[in-house]
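Chemist: As input, take entry-v2.tsv (TSV, N, CA and C atoms):
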chain	number	residue	atom	x	y	z
Q	1	MET	N	-273.85	12.67	-145.05
Q	1	MET	CA	-274.67	12.01	-144.07
Q	1	MET	C	-273.96	12.05	-142.73
Q	2	PRO	N	-274.70	12.22	-141.66
Q	2	PRO	CA	-274.10	12.22	-140.34
Q	2	PRO	C	-273.48	10.87	-140.02
Q	3	SER	N	-272.50	10.90	-139.19
Q	3	SER	CA	-271.86	9.67	-138.75
Q	3	SER	C	-272.77	8.94	-137.77
Q	4	SER	N	-272.63	7.63	-137.72
Q	4	SER	CA	-273.41	6.88	-136.76
Q	4	SER	C	-272.60	6.56	-135.51
Q	5	THR	N	-271.43	7.21	-135.37
Q	5	THR	CA	-270.61	6.99	-134.20
Q	5	THR	C	-271.28	7.60	-132.98
Q	6	SER	N	-271.39	6.83	-131.92
Q	6	SER	CA	-272.06	7.29	-130.71
Q	6	SER	C	-271.24	8.35	-130.01
Q	7	SER	N	-271.91	9.39	-129.57
Q	7	SER	CA	-271.30	10.40	-128.73
Q	7	SER	C	-272.41	11.25	-128.14
Q	8	PRO	N	-272.16	11.87	-126.96
Q	8	PRO	CA	-273.19	12.71	-126.37
Q	8	PRO	C	-273.55	13.91	-127.23
Q	9	ASP	N	-272.63	14.33	-128.09
Q	9	ASP	CA	-272.87	15.50	-128.94
Q	9	ASP	C	-273.58	15.15	-130.24
Q	10	ASN	N	-273.82	13.87	-130.50
Q	10	ASN	CA	-274.41	13.44	-131.76
Q	10	ASN	C	-275.72	12.70	-131.49
Q	11	PRO	N	-276.85	13.43	-131.44
Q	11	PRO	CA	-278.11	12.76	-131.17
Q	11	PRO	C	-278.53	11.81	-132.29
Q	12	ALA	N	-277.90	11.91	-133.45
Q	12	ALA	CA	-278.23	11.03	-134.56
Q	12	ALA	C	-277.41	9.75	-134.52
Q	13	ALA	N	-276.59	9.60	-133.48
Q	13	ALA	CA	-275.74	8.42	-133.39
Q	13	ALA	C	-276.57	7.17	-133.12
Q	14	ALA	N	-276.00	6.05	-133.51
Q	14	ALA	CA	-276.66	4.77	-133.25
Q	14	ALA	C	-276.78	4.57	-131.75
Q	15	PRO	N	-277.86	3.92	-131.31
Q	15	PRO	CA	-278.02	3.66	-129.89
Q	15	PRO	C	-276.93	2.73	-129.39
Q	16	THR	N	-276.64	2.81	-128.11
Q	16	THR	CA	-275.65	1.92	-127.51
Q	16	THR	C	-276.32	1.13	-126.40
Q	17	ASP	N	-275.73	-0.04	-126.11
Q	17	ASP	CA	-276.26	-0.83	-125.01
Q	17	ASP	C	-275.56	-0.43	-123.72
Q	18	VAL	N	-275.84	-1.14	-122.63
Q	18	VAL	CA	-275.30	-0.80	-121.32
Q	18	VAL	C	-273.78	-0.81	-121.32
Q	19	ALA	N	-273.17	-1.71	-122.07
Q	19	ALA	CA	-271.72	-1.81	-122.11
Q	19	ALA	C	-271.10	-0.78	-123.05
Q	20	GLY	N	-271.90	0.05	-123.67
Q	20	GLY	CA	-271.38	1.06	-124.58
Q	20	GLY	C	-271.18	0.57	-125.99
Q	21	GLU	N	-271.59	-0.67	-126.27
Q	21	GLU	CA	-271.47	-1.23	-127.61
Q	21	GLU	C	-272.56	-0.65	-128.51
Q	22	GLU	N	-272.17	-0.26	-129.71
Q	22	GLU	CA	-273.15	0.25	-130.66
Q	22	GLU	C	-274.02	-0.90	-131.15
Q	23	ARG	N	-275.34	-0.67	-131.19
Q	23	ARG	CA	-276.25	-1.69	-131.71
Q	23	ARG	C	-276.94	-1.13	-132.94
Q	24	PRO	N	-277.44	-1.99	-133.80
Q	24	PRO	CA	-278.06	-1.51	-135.04
Q	24	PRO	C	-279.30	-0.66	-134.77
Q	25	LEU	N	-279.52	0.30	-135.66
Q	25	LEU	CA	-280.71	1.15	-135.56
Q	25	LEU	C	-281.97	0.37	-135.90
Q	26	LEU	N	-281.86	-0.50	-136.87
Q	26	LEU	CA	-283.00	-1.25	-137.38
Q	26	LEU	C	-282.74	-2.74	-137.24
Q	27	ASP	N	-283.81	-3.50	-137.25
Q	27	ASP	CA	-283.68	-4.94	-137.33
Q	27	ASP	C	-282.80	-5.24	-138.55
Q	28	PRO	N	-281.79	-6.10	-138.41
Q	28	PRO	CA	-280.89	-6.37	-139.54
Q	28	PRO	C	-281.60	-6.82	-140.81
Q	29	ALA	N	-282.70	-7.54	-140.69
Q	29	ALA	CA	-283.44	-7.99	-141.88
Q	29	ALA	C	-284.06	-6.80	-142.61
Q	30	ILE	N	-284.57	-5.84	-141.86
Q	30	ILE	CA	-285.16	-4.64	-142.47
Q	30	ILE	C	-284.05	-3.81	-143.12
Q	31	ALA	N	-282.96	-3.60	-142.39
Q	31	ALA	CA	-281.85	-2.82	-142.94
Q	31	ALA	C	-281.31	-3.45	-144.22
Q	32	ALA	N	-281.24	-4.78	-144.26
Q	32	ALA	CA	-280.73	-5.48	-145.44
Q	32	ALA	C	-281.70	-5.36	-146.61
Q	33	ALA	N	-282.99	-5.24	-146.32
Q	33	ALA	CA	-284.00	-5.15	-147.39
Q	33	ALA	C	-284.06	-3.77	-148.02
Q	34	LEU	N	-283.57	-2.74	-147.32
Q	34	LEU	CA	-283.61	-1.38	-147.87
Q	34	LEU	C	-282.62	-1.23	-149.01
Q	35	LYS	N	-283.09	-0.75	-150.14
Q	35	LYS	CA	-282.22	-0.47	-151.27
Q	35	LYS	C	-282.03	1.04	-151.32
Q	36	LYS	N	-280.95	1.50	-150.69
Q	36	LYS	CA	-280.69	2.93	-150.56
Q	36	LYS	C	-279.94	3.46	-151.78
Q	37	ASP	N	-280.10	4.75	-152.03
Q	37	ASP	CA	-279.36	5.38	-153.12
Q	37	ASP	C	-277.92	5.61	-152.69
Q	38	ASP	N	-277.13	6.25	-153.54
Q	38	ASP	CA	-275.71	6.46	-153.25
Q	38	ASP	C	-275.49	7.32	-152.01
Q	39	ALA	N	-276.48	8.11	-151.62
Q	39	ALA	CA	-276.37	8.95	-150.42
Q	39	ALA	C	-276.89	8.22	-149.18
Q	40	GLY	N	-277.32	6.96	-149.33
Q	40	GLY	CA	-277.82	6.20	-148.19
Q	40	GLY	C	-279.27	6.47	-147.86
Q	41	LEU	N	-280.00	7.01	-148.84
Q	41	LEU	CA	-281.40	7.40	-148.61
Q	41	LEU	C	-282.37	6.54	-149.40
Q	42	VAL	N	-283.59	6.46	-148.89
Q	42	VAL	CA	-284.68	5.77	-149.57
Q	42	VAL	C	-285.88	6.72	-149.59
Q	43	ALA	N	-286.62	6.71	-150.68
Q	43	ALA	CA	-287.81	7.57	-150.80
Q	43	ALA	C	-288.89	7.07	-149.86
Q	44	ALA	N	-289.59	8.02	-149.23
Q	44	ALA	CA	-290.69	7.69	-148.33
Q	44	ALA	C	-291.93	8.46	-148.77
Q	45	VAL	N	-292.88	7.73	-149.35
Q	45	VAL	CA	-294.14	8.32	-149.76
Q	45	VAL	C	-295.05	8.33	-148.54
Q	46	VAL	N	-295.64	9.50	-148.26
Q	46	VAL	CA	-296.51	9.65	-147.10
Q	46	VAL	C	-297.96	9.74	-147.57
Q	47	GLN	N	-298.81	8.91	-146.95
Q	47	GLN	CA	-300.20	8.80	-147.36
Q	47	GLN	C	-301.11	8.89	-146.13
Q	48	GLN	N	-302.21	9.63	-146.27
Q	48	GLN	CA	-303.22	9.70	-145.21
Q	48	GLN	C	-303.84	8.32	-145.05
Q	49	TYR	N	-303.87	7.82	-143.81
Q	49	TYR	CA	-304.27	6.42	-143.59
Q	49	TYR	C	-305.72	6.12	-143.94
Q	50	ASP	N	-306.65	7.07	-143.76
Q	50	ASP	CA	-308.05	6.74	-143.96
Q	50	ASP	C	-308.59	7.12	-145.34
Q	51	THR	N	-308.11	8.21	-145.91
Q	51	THR	CA	-308.59	8.64	-147.23
Q	51	THR	C	-307.69	8.13	-148.36
Q	52	LEU	N	-306.50	7.66	-148.01
Q	52	LEU	CA	-305.48	7.18	-148.95
Q	52	LEU	C	-304.91	8.29	-149.83
Q	53	GLU	N	-305.17	9.54	-149.48
Q	53	GLU	CA	-304.59	10.68	-150.20
Q	53	GLU	C	-303.08	10.67	-150.05
Q	54	VAL	N	-302.36	10.79	-151.17
Q	54	VAL	CA	-300.91	10.91	-151.12
Q	54	VAL	C	-300.59	12.33	-150.71
Q	55	LEU	N	-299.82	12.48	-149.63
Q	55	LEU	CA	-299.56	13.79	-149.05
Q	55	LEU	C	-298.23	14.39	-149.47
Q	56	MET	N	-297.18	13.59	-149.50
Q	56	MET	CA	-295.87	14.15	-149.80
Q	56	MET	C	-294.85	13.03	-150.00
Q	57	LEU	N	-293.67	13.43	-150.42
Q	57	LEU	CA	-292.52	12.54	-150.55
Q	57	LEU	C	-291.40	13.13	-149.73
Q	58	GLY	N	-290.74	12.31	-148.95
Q	58	GLY	CA	-289.56	12.74	-148.21
Q	58	GLY	C	-288.50	11.67	-148.36
Q	59	TRP	N	-287.37	11.91	-147.72
Q	59	TRP	CA	-286.24	10.97	-147.81
Q	59	TRP	C	-285.84	10.52	-146.42
Q	60	MET	N	-285.52	9.24	-146.29
Q	60	MET	CA	-285.11	8.68	-145.01
Q	60	MET	C	-283.85	7.86	-145.18
Q	61	ASP	N	-283.01	7.93	-144.15
Q	61	ASP	CA	-281.93	6.98	-144.02
Q	61	ASP	C	-282.31	6.06	-142.85
Q	62	GLU	N	-281.41	5.19	-142.45
Q	62	GLU	CA	-281.75	4.26	-141.38
Q	62	GLU	C	-282.09	4.99	-140.08
Q	63	GLU	N	-281.39	6.06	-139.78
Q	63	GLU	CA	-281.66	6.82	-138.55
Q	63	GLU	C	-283.05	7.46	-138.60
Q	64	ALA	N	-283.40	8.08	-139.72
Q	64	ALA	CA	-284.72	8.71	-139.84
Q	64	ALA	C	-285.82	7.66	-139.73
Q	65	LEU	N	-285.62	6.50	-140.33
Q	65	LEU	CA	-286.61	5.44	-140.22
Q	65	LEU	C	-286.70	4.94	-138.78
Q	66	HIS	N	-285.58	4.79	-138.12
Q	66	HIS	CA	-285.56	4.38	-136.72
Q	66	HIS	C	-286.34	5.39	-135.86
Q	67	ARG	N	-286.07	6.67	-136.05
Q	67	ARG	CA	-286.78	7.70	-135.29
Q	67	ARG	C	-288.29	7.67	-135.57
Q	68	THR	N	-288.64	7.45	-136.82
Q	68	THR	CA	-290.06	7.37	-137.21
Q	68	THR	C	-290.73	6.19	-136.52
Q	69	LEU	N	-290.09	5.05	-136.55
Q	69	LEU	CA	-290.66	3.84	-135.97
Q	69	LEU	C	-290.75	3.89	-134.45
Q	70	THR	N	-289.81	4.55	-133.80
Q	70	THR	CA	-289.77	4.55	-132.34
Q	70	THR	C	-290.49	5.73	-131.70
Q	71	SER	N	-290.69	6.81	-132.44
Q	71	SER	CA	-291.32	8.00	-131.84
Q	71	SER	C	-292.80	8.14	-132.17
Q	72	GLY	N	-293.24	7.50	-133.27
Q	72	GLY	CA	-294.62	7.67	-133.69
Q	72	GLY	C	-294.87	8.93	-134.49
Q	73	ARG	N	-293.81	9.69	-134.77
Q	73	ARG	CA	-293.88	10.88	-135.60
Q	73	ARG	C	-292.91	10.72	-136.76
Q	74	VAL	N	-293.26	11.24	-137.93
Q	74	VAL	CA	-292.43	11.05	-139.12
Q	74	VAL	C	-291.21	11.96	-139.07
Q	75	THR	N	-290.04	11.36	-139.26
Q	75	THR	CA	-288.77	12.09	-139.34
Q	75	THR	C	-288.16	11.82	-140.70
Q	76	PHE	N	-287.69	12.88	-141.35
Q	76	PHE	CA	-287.04	12.79	-142.65
Q	76	PHE	C	-285.60	13.23	-142.54
Q	77	TYR	N	-284.83	12.95	-143.59
Q	77	TYR	CA	-283.49	13.51	-143.72
Q	77	TYR	C	-283.55	14.54	-144.84
Q	78	SER	N	-283.21	15.78	-144.51
Q	78	SER	CA	-283.23	16.86	-145.50
Q	78	SER	C	-281.96	16.82	-146.33
Q	79	ARG	N	-282.11	16.59	-147.61
Q	79	ARG	CA	-280.95	16.57	-148.51
Q	79	ARG	C	-280.36	17.96	-148.66
Q	80	SER	N	-281.19	18.99	-148.68
Q	80	SER	CA	-280.69	20.36	-148.88
Q	80	SER	C	-280.02	20.92	-147.63
Q	81	ARG	N	-280.51	20.56	-146.45
Q	81	ARG	CA	-279.94	21.08	-145.21
Q	81	ARG	C	-278.99	20.09	-144.53
Q	82	SER	N	-278.93	18.87	-145.04
Q	82	SER	CA	-278.08	17.82	-144.47
Q	82	SER	C	-278.34	17.64	-142.97
Q	83	GLU	N	-279.65	17.54	-142.63
Q	83	GLU	CA	-280.01	17.32	-141.23
Q	83	GLU	C	-281.37	16.62	-141.16
Q	84	TYR	N	-281.67	16.09	-139.99
Q	84	TYR	CA	-282.95	15.45	-139.76
Q	84	TYR	C	-283.99	16.51	-139.43
Q	85	TRP	N	-285.22	16.24	-139.84
Q	85	TRP	CA	-286.32	17.12	-139.45
Q	85	TRP	C	-287.56	16.28	-139.22
Q	86	ARG	N	-288.24	16.60	-138.14
Q	86	ARG	CA	-289.47	15.90	-137.81
Q	86	ARG	C	-290.63	16.76	-138.25
Q	87	LYS	N	-291.47	16.18	-139.09
Q	87	LYS	CA	-292.60	16.89	-139.68
Q	87	LYS	C	-293.47	17.48	-138.57
Q	88	GLY	N	-293.68	18.79	-138.65
Q	88	GLY	CA	-294.57	19.48	-137.72
Q	88	GLY	C	-293.89	20.18	-136.57
Q	89	ASP	N	-292.60	19.98	-136.37
Q	89	ASP	CA	-291.95	20.63	-135.24
Q	89	ASP	C	-291.97	22.16	-135.34
Q	90	THR	N	-291.89	22.70	-136.53
Q	90	THR	CA	-291.95	24.16	-136.67
Q	90	THR	C	-293.32	24.64	-137.14
Q	91	SER	N	-293.99	23.84	-137.95
Q	91	SER	CA	-295.28	24.25	-138.51
Q	91	SER	C	-296.48	23.87	-137.64
Q	92	GLY	N	-296.29	22.86	-136.79
Q	92	GLY	CA	-297.41	22.33	-136.02
Q	92	GLY	C	-298.23	21.33	-136.81
Q	93	HIS	N	-297.89	21.09	-138.06
Q	93	HIS	CA	-298.62	20.17	-138.93
Q	93	HIS	C	-297.98	18.79	-138.84
Q	94	ARG	N	-298.26	18.13	-137.74
Q	94	ARG	CA	-297.63	16.85	-137.42
Q	94	ARG	C	-298.19	15.68	-138.23
Q	95	GLN	N	-297.34	14.68	-138.36
Q	95	GLN	CA	-297.74	13.42	-138.99
Q	95	GLN	C	-297.59	12.31	-137.97
Q	96	TRP	N	-298.71	11.71	-137.58
Q	96	TRP	CA	-298.73	10.64	-136.60
Q	96	TRP	C	-298.71	9.30	-137.35
Q	97	VAL	N	-297.71	8.51	-137.13
Q	97	VAL	CA	-297.50	7.27	-137.87
Q	97	VAL	C	-298.59	6.25	-137.55
Q	98	ARG	N	-299.17	5.70	-138.60
Q	98	ARG	CA	-300.14	4.61	-138.49
Q	98	ARG	C	-299.56	3.31	-139.01
Q	99	GLY	N	-298.59	3.39	-139.91
Q	99	GLY	CA	-297.95	2.20	-140.44
Q	99	GLY	C	-296.80	2.55	-141.36
Q	100	VAL	N	-295.88	1.62	-141.52
Q	100	VAL	CA	-294.76	1.78	-142.44
Q	100	VAL	C	-294.59	0.47	-143.18
Q	101	ALA	N	-294.50	0.56	-144.52
Q	101	ALA	CA	-294.32	-0.64	-145.34
Q	101	ALA	C	-293.22	-0.39	-146.35
Q	102	LEU	N	-292.52	-1.46	-146.69
Q	102	LEU	CA	-291.46	-1.43	-147.69
Q	102	LEU	C	-292.02	-2.01	-148.98
Q	103	ASP	N	-291.72	-1.38	-150.11
Q	103	ASP	CA	-292.23	-1.93	-151.37
Q	103	ASP	C	-291.48	-3.21	-151.74
Q	104	CYS	N	-291.90	-3.83	-152.83
Q	104	CYS	CA	-291.43	-5.18	-153.18
Q	104	CYS	C	-289.93	-5.28	-153.42
Q	105	ASP	N	-289.29	-4.24	-153.93
Q	105	ASP	CA	-287.86	-4.33	-154.17
Q	105	ASP	C	-287.03	-3.50	-153.20
Q	106	GLY	N	-287.66	-2.92	-152.19
Q	106	GLY	CA	-286.94	-2.26	-151.10
Q	106	GLY	C	-286.44	-0.86	-151.37
Q	107	ASP	N	-286.87	-0.24	-152.49
Q	107	ASP	CA	-286.33	1.08	-152.80
Q	107	ASP	C	-287.28	2.22	-152.44
Q	108	ALA	N	-288.40	1.91	-151.78
Q	108	ALA	CA	-289.34	2.96	-151.36
Q	108	ALA	C	-290.12	2.49	-150.14
Q	109	LEU	N	-290.46	3.45	-149.31
Q	109	LEU	CA	-291.28	3.20	-148.14
Q	109	LEU	C	-292.64	3.85	-148.35
Q	110	LEU	N	-293.66	3.24	-147.80
Q	110	LEU	CA	-294.98	3.86	-147.73
Q	110	LEU	C	-295.26	4.08	-146.26
Q	111	VAL	N	-295.42	5.35	-145.89
Q	111	VAL	CA	-295.69	5.70	-144.50
Q	111	VAL	C	-297.13	6.20	-144.43
Q	112	THR	N	-297.97	5.46	-143.74
Q	112	THR	CA	-299.35	5.90	-143.58
Q	112	THR	C	-299.43	6.67	-142.27
Q	113	VAL	N	-300.12	7.82	-142.33
Q	113	VAL	CA	-300.15	8.74	-141.20
Q	113	VAL	C	-301.55	9.27	-140.97
Q	114	ASP	N	-301.71	9.87	-139.80
Q	114	ASP	CA	-302.85	10.71	-139.51
Q	114	ASP	C	-302.30	12.13	-139.53
Q	115	GLN	N	-302.59	12.84	-140.60
Q	115	GLN	CA	-302.04	14.18	-140.81
Q	115	GLN	C	-302.78	15.19	-139.95
Q	116	GLU	N	-302.04	16.03	-139.25
Q	116	GLU	CA	-302.59	17.12	-138.45
Q	116	GLU	C	-302.24	18.44	-139.16
Q	117	GLY	N	-303.22	19.11	-139.75
Q	117	GLY	CA	-302.95	20.32	-140.51
Q	117	GLY	C	-302.53	19.99	-141.93
Q	118	ALA	N	-301.94	20.98	-142.59
Q	118	ALA	CA	-301.51	20.82	-143.99
Q	118	ALA	C	-300.22	20.00	-144.07
Q	119	ALA	N	-300.14	19.15	-145.07
Q	119	ALA	CA	-298.94	18.32	-145.23
Q	119	ALA	C	-297.89	19.01	-146.09
Q	120	CYS	N	-298.33	19.80	-147.04
Q	120	CYS	CA	-297.41	20.37	-148.04
Q	120	CYS	C	-296.91	21.74	-147.61
Q	121	HIS	N	-295.69	22.06	-148.02
Q	121	HIS	CA	-295.12	23.37	-147.72
Q	121	HIS	C	-295.89	24.51	-148.38
Q	122	THR	N	-296.76	24.16	-149.34
Q	122	THR	CA	-297.60	25.19	-149.98
Q	122	THR	C	-298.83	25.53	-149.14
Q	123	GLY	N	-299.02	24.76	-148.04
Q	123	GLY	CA	-300.16	25.01	-147.17
Q	123	GLY	C	-301.37	24.18	-147.49
Q	124	THR	N	-301.23	23.24	-148.44
Q	124	THR	CA	-302.37	22.39	-148.80
Q	124	THR	C	-302.18	20.99	-148.25
Just dump the structure as structure tokens.

Modeler:
Amino acid sequence: MPSSTSSPDNPAAAPTDVAGEERPLLDPAIAAALKKDDAGLVAAVVQQYDTLEVLMLGWMDEEALHRTLTSGRVTFYSRSRSEYWRKGDTSGHRQWVRGVALDCDGDALLVTVDQEGAACHTGT
């Protein structure tokens, strides 16, 4: 997992305030409620907001969730590439965030989206 140490070369670093102090990516109550796996990730089920069709499963850490919540576009952490990726940046098949919810025990997220194009890597 990338470090959360702030630096100009690390866009995944935690945000800093005016004094250069690192501040949390997420509200502390939300961060505490997340039940992450040993790699610091939580499953994120993506669902079309109006039809309720389940579109895909991705993985998020606190940084990916922060980016998702603040940008309005879904960002995942790729376990195979060990990097962040925002859905649609290469394919054009963007996911516009409509809502994010945490399940009852904190080990999964439900991200409701307005899907633009195909959601799956198979083209469906």

Chemist: DSSP on the backbone, then: every residue of stretch 42-75 of chain Q marked strand (DSSP E), written as a CSV table (one decimal) with N, CA and C atoms, keeping the file's coordinate frame.

Modeler:
chain,number,residue,atom,x,y,z
Q,42,VAL,N,-283.6,6.5,-148.9
Q,42,VAL,CA,-284.7,5.8,-149.6
Q,42,VAL,C,-285.9,6.7,-149.6
Q,43,ALA,N,-286.6,6.7,-150.7
Q,43,ALA,CA,-287.8,7.6,-150.8
Q,43,ALA,C,-288.9,7.1,-149.9
Q,44,ALA,N,-289.6,8.0,-149.2
Q,44,ALA,CA,-290.7,7.7,-148.3
Q,44,ALA,C,-291.9,8.5,-148.8
Q,45,VAL,N,-292.9,7.7,-149.4
Q,45,VAL,CA,-294.1,8.3,-149.8
Q,45,VAL,C,-295.0,8.3,-148.5
Q,46,VAL,N,-295.6,9.5,-148.3
Q,46,VAL,CA,-296.5,9.6,-147.1
Q,46,VAL,C,-298.0,9.7,-147.6
Q,47,GLN,N,-298.8,8.9,-147.0
Q,47,GLN,CA,-300.2,8.8,-147.4
Q,47,GLN,C,-301.1,8.9,-146.1
Q,48,GLN,N,-302.2,9.6,-146.3
Q,48,GLN,CA,-303.2,9.7,-145.2
Q,48,GLN,C,-303.8,8.3,-145.0
Q,54,VAL,N,-302.4,10.8,-151.2
Q,54,VAL,CA,-300.9,10.9,-151.1
Q,54,VAL,C,-300.6,12.3,-150.7
Q,55,LEU,N,-299.8,12.5,-149.6
Q,55,LEU,CA,-299.6,13.8,-149.0
Q,55,LEU,C,-298.2,14.4,-149.5
Q,56,MET,N,-297.2,13.6,-149.5
Q,56,MET,CA,-295.9,14.2,-149.8
Q,56,MET,C,-294.8,13.0,-150.0
Q,57,LEU,N,-293.7,13.4,-150.4
Q,57,LEU,CA,-292.5,12.5,-150.6
Q,57,LEU,C,-291.4,13.1,-149.7
Q,58,GLY,N,-290.7,12.3,-149.0
Q,58,GLY,CA,-289.6,12.7,-148.2
Q,58,GLY,C,-288.5,11.7,-148.4
Q,59,TRP,N,-287.4,11.9,-147.7
Q,59,TRP,CA,-286.2,11.0,-147.8
Q,59,TRP,C,-285.8,10.5,-146.4
Q,60,MET,N,-285.5,9.2,-146.3
Q,60,MET,CA,-285.1,8.7,-145.0
Q,60,MET,C,-283.8,7.9,-145.2
Q,75,THR,N,-290.0,11.4,-139.3
Q,75,THR,CA,-288.8,12.1,-139.3
Q,75,THR,C,-288.2,11.8,-140.7

Chemist: Go through Q:Cys120, Q:Leu65, Q:Leu25, Q:Ala44 one by one, measure the shortest atom-to-atom distance of each to Q:Asp107 using only N, CA and C atoms, and give the residue with the smallest value.

Modeler: Q:Ala44

Chemist: Just how far from atom CA of Q:Pro24 is atom N of Q:Gln48, in Å to one decimal?

Modeler: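 Between these atoms lies a distance of 28.9 Å.
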
Chemist: Need to verify the contact set: Q:Gln115, 10 Å, only C-alpha atoms, exclusion of same-chain residues closer than 5 positions in sequence. Can you return it as a list in words?

Modeler: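 Counting only the stated atoms, we get Val46, Gln47, Gln48, Tyr49, Leu55, Lys87, Gly88, His93, Arg94, Gln95, Trp96 and Val97 of chain Q.
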
Chemist: Kindly export the residues of the current selection with N, CA and C atoms, as an mmCIF file, keeping the file's coordinate frame.

Modeler:
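Okay, out_7.cif is ready:
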data_model
loop_
_atom_site.group_PDB
_atom_site.id
_atom_site.type_symbol
_atom_site.label_atom_id
_atom_site.label_comp_id
_atom_site.auth_asym_id
_atom_site.auth_seq_id
_atom_site.Cartn_x
_atom_site.Cartn_y
_atom_site.Cartn_z
ATOM 1 N N VAL Q 46 -295.640 9.500 -148.260
ATOM 2 C CA VAL Q 46 -296.510 9.650 -147.100
ATOM 3 C C VAL Q 46 -297.960 9.740 -147.570
ATOM 4 N N GLN Q 47 -298.810 8.910 -146.950
ATOM 5 C CA GLN Q 47 -300.200 8.800 -147.360
ATOM 6 C C GLN Q 47 -301.110 8.890 -146.130
ATOM 7 N N GLN Q 48 -302.210 9.630 -146.270
ATOM 8 C CA GLN Q 48 -303.220 9.700 -145.210
ATOM 9 C C GLN Q 48 -303.840 8.320 -145.050
ATOM 10 N N TYR Q 49 -303.870 7.820 -143.810
ATOM 11 C CA TYR Q 49 -304.270 6.420 -143.590
ATOM 12 C C TYR Q 49 -305.720 6.120 -143.940
ATOM 13 N N LEU Q 55 -299.820 12.480 -149.630
ATOM 14 C CA LEU Q 55 -299.560 13.790 -149.050
ATOM 15 C C LEU Q 55 -298.230 14.390 -149.470
ATOM 16 N N LYS Q 87 -291.470 16.180 -139.090
ATOM 17 C CA LYS Q 87 -292.600 16.890 -139.680
ATOM 18 C C LYS Q 87 -293.470 17.480 -138.570
ATOM 19 N N GLY Q 88 -293.680 18.790 -138.650
ATOM 20 C CA GLY Q 88 -294.570 19.480 -137.720
ATOM 21 C C GLY Q 88 -293.890 20.180 -136.570
ATOM 22 N N HIS Q 93 -297.890 21.090 -138.060
ATOM 23 C CA HIS Q 93 -298.620 20.170 -138.930
ATOM 24 C C HIS Q 93 -297.980 18.790 -138.840
ATOM 25 N N ARG Q 94 -298.260 18.130 -137.740
ATOM 26 C CA ARG Q 94 -297.630 16.850 -137.420
ATOM 27 C C ARG Q 94 -298.190 15.680 -138.230
ATOM 28 N N GLN Q 95 -297.340 14.680 -138.360
ATOM 29 C CA GLN Q 95 -297.740 13.420 -138.990
ATOM 30 C C GLN Q 95 -297.590 12.310 -137.970
ATOM 31 N N TRP Q 96 -298.710 11.710 -137.580
ATOM 32 C CA TRP Q 96 -298.730 10.640 -136.600
ATOM 33 C C TRP Q 96 -298.710 9.300 -137.350
ATOM 34 N N VAL Q 97 -297.710 8.510 -137.130
ATOM 35 C CA VAL Q 97 -297.500 7.270 -137.870
ATOM 36 C C VAL Q 97 -298.590 6.250 -137.550
#

Chemist: May I ask which of the residues Q:Asp37, Q:Asp27, Q:Glu53, Q:Asp89 is the closest one to Q:Ala108, counting only C-alpha atoms?

Modeler: Q:Asp37

Chemist: Determine which residues of stretch 12-106 of chain Q receive a DSSP assignment of alpha helix (DSSP H), computed from the backbone, and state them as a list in words.

Modeler: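 Alpha helix (DSSP H) members of stretch 12-106 of chain Q, listed: Pro28, Ala29, Ile30, Ala31, Ala32, Ala33, Glu62, Glu63, Ala64, Leu65, His66, Arg67, Thr68, Leu69, Thr70 and Ser71 of chain Q.
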
Chemist: Contacts of Q:Leu69 at 8 Å or less, counting all atoms listed in the file, minus same-chain residues fewer than 5 places along, as a list in words?

Modeler: Glu63, Ala64, Val74, Thr75, Val97 and Val100 of chain Q

Chemist: Work out how far atom CA of Q:Thr112 is from atom CA of Q:Trp85, in Å to one decimal.

Modeler: 17.7 Å

Chemist: At a cut-off of 8 Å, using all atoms listed in the file, what residues contact Q:Ala43? Leave out same-chain residues fewer than 4 positions from it and give the result as a VMD selection string.

Modeler: chain Q and resid 35 to 37 57 to 61 106 to 111

Chemist: Between Q:Arg86, Q:Val54, Q:Val45, Q:Gly92, which is the closest to Q:Glu116 once you count only N, CA and C atoms?

Modeler: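 Smallest separation from Q:Glu116 among the options: Q:Gly92.
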